[in-house]
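Enquirer: First the structure, then my questions, so here it is.
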Amino acid sequence: MLFPTSLVGSYPQPQWLIDRARLAGRFPPRVRARELWRVPPEFLQEAQDDATLMAIKAQEDAGLDIVSDGEIRRESYSNLFATALEGVDVDHPGTALDRSGHPNPVPRVVGAIRRKHAVGVRDLEFLKRHTRRAVKVTVPGPFTMSQQAQIEHYGGDRRLAALDYATAVNEEIRDLFAAGADLVQIDEPYMQARPDEARVYGLEALNRALAGVTGDTAVHICFGYAAIIHSRPSGYSFLGELAGCACRQVSIETAQSNLDCAVLTRLAGKKIILGVLDLSTNEVETPERVAERIRRALPYVAAADVVLAPDCGMKYLPREVAFGKLQAMVAGARLARMHL
């Protein structure tokens, strides 16, 4: 089937589970932010499981072909994994500049980074028990984690830290595929935010994270959550470089930035997860608008190589808006298929 549909990763968490106003009123957490959860710790896992079931059902009801767990158990896309690693002091945070240029508490890397145990396998197994559709899992990228940390070990060298982050990510990806993941996506938004450093060691770290992996993999790169980062450049400062990445798919945003899709010719050989939902507005697109965004890309990438998704994670949207946008995406995919 042409134009299969999926999330980028996250879906809105319910108000009874997490304080959405507090979540939206701060920069995405890089260290743990347990104060955001409304449910007492002894009941939190059960509550997160229940909310995950709701997210799975919402995706299925909207008609998505590839389902995630909505990242319902995460305070941000990166902090759950990044704070589970050896060599990271999360109790005494450091500081690093967010992509907005503001300081944010971050993990301090005080020793060699090592993965102590699988982080997302239990969540994947839960997802697979509750859907028969293809499933997608996301993990934070090694370059992005190296930017979202205060590096005190490794002589302060972010490249060396990123390479050990990459080894930890590689171990996690292998375990996720062994547990039945259909697609594993690595989130690397800081490659766009810090392109000069990304050109120095970003691909080296990414390819180490993917070394020996035989499953279907993607890399997501974006301009940041629209709820947090309000200005969108008209084009990527780091994208064509991903042609040299071992991943099979590249996930990009095109709706919010009205991206000139001619840049996709630089990613020949990759499938494109095409962002077709604008998350900077609560307006629900019409199916015709979604189909138009799909058609904009087709002169530059084969229709068989296009997967559809929102521009980025949907966690900051009202739930009813997110669901309506997903329905529009599915209907837009249907329209685009009919008019090929």
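As shown in the structure tokens, the chain order sets the letters A, B, ...; within each chain, residues go from 1, and ligands are also counted from 1 in the order they appear.
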Determine which residues of stretch 60-219 of chain A DSSP labels as helix (DSSP H, G or I) from the backbone of this structure, then write them out as a count of residues only.
Expert: 65
Enquirer: Could you give me the residues within stretch 57-95 of chain A that DSSP places in strand (DSSP E or B), as a list in words?
Expert: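 The residues of stretch 57-95 of chain A classed as strand (DSSP E or B) are Ile66, Val67, Leu85, Glu86, Gly87, Val88, Asp89, Val90, Asp91, His92, Pro93, Gly94 and Thr95 of chain A.
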Enquirer: For a test of reading the model, state the distance in Å between atom CA of A:Arg32 and atom CA of A:Thr52, rounded to one decimal.
Expert: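 Those two atoms sit 19.5 Å apart.
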Enquirer: Could you give me, as a tab-separated table, a per-residue list for stretch 166-199 of chain A showing, wherever an atom lies at most 7 Å from an atom of stretch 238-259 of chain A, the closest pair of atoms and their distance in Å to one decimal, using only C-alpha atoms and sorting by chain then residue number from low to high?
Expert:
residue	atom	partner	partner_atom	distance
A:Met191	CA	A:Phe238	CA	6.4
A:Gln192	CA	A:Phe238	CA	5.2
A:Pro195	CA	A:Phe238	CA	5.6
Enquirer: Quick one: residues within 9 Å of A:Ala336, only C-alpha atoms counted, chain neighbours fewer than 5 positions away excluded, as a tab-separated table (two decimals) with N, CA, C and O atoms, in the first residue's frame?
Expert:
chain	number	residue	atom	x	y	z
A	2	LEU	N	0.52	2.21	-0.86
A	2	LEU	CA	1.25	3.47	-0.89
A	2	LEU	C	0.88	4.33	0.32
A	2	LEU	O	-0.23	4.27	0.84
A	3	PHE	N	1.80	5.15	0.75
A	3	PHE	CA	1.61	6.16	1.78
A	3	PHE	C	1.10	5.58	3.11
A	3	PHE	O	0.08	6.05	3.65
A	288	GLU	N	-7.78	17.23	1.79
A	288	GLU	CA	-7.25	17.81	0.56
A	288	GLU	C	-5.92	18.53	0.81
A	288	GLU	O	-5.00	18.44	-0.02
A	290	VAL	N	-3.76	17.79	3.19
A	290	VAL	CA	-2.76	16.76	3.41
A	290	VAL	C	-2.32	16.15	2.08
A	290	VAL	O	-1.12	15.97	1.83
A	291	ALA	N	-3.28	15.86	1.21
A	291	ALA	CA	-2.93	15.28	-0.09
A	291	ALA	C	-2.05	16.23	-0.90
A	291	ALA	O	-1.12	15.80	-1.59
A	292	GLU	N	-2.32	17.53	-0.79
A	292	GLU	CA	-1.49	18.52	-1.47
A	292	GLU	C	-0.05	18.47	-0.95
A	292	GLU	O	0.91	18.55	-1.74
A	294	ILE	N	1.45	15.91	0.30
A	294	ILE	CA	2.05	14.68	-0.22
A	294	ILE	C	2.52	14.90	-1.65
A	294	ILE	O	3.66	14.57	-2.01
A	295	ARG	N	1.65	15.49	-2.46
A	295	ARG	CA	1.98	15.67	-3.88
A	295	ARG	C	3.17	16.59	-4.07
A	295	ARG	O	3.92	16.44	-5.05
A	331	ALA	N	-7.13	10.16	5.77
A	331	ALA	CA	-8.00	10.49	4.64
A	331	ALA	C	-7.21	11.13	3.51
A	331	ALA	O	-7.48	10.87	2.32
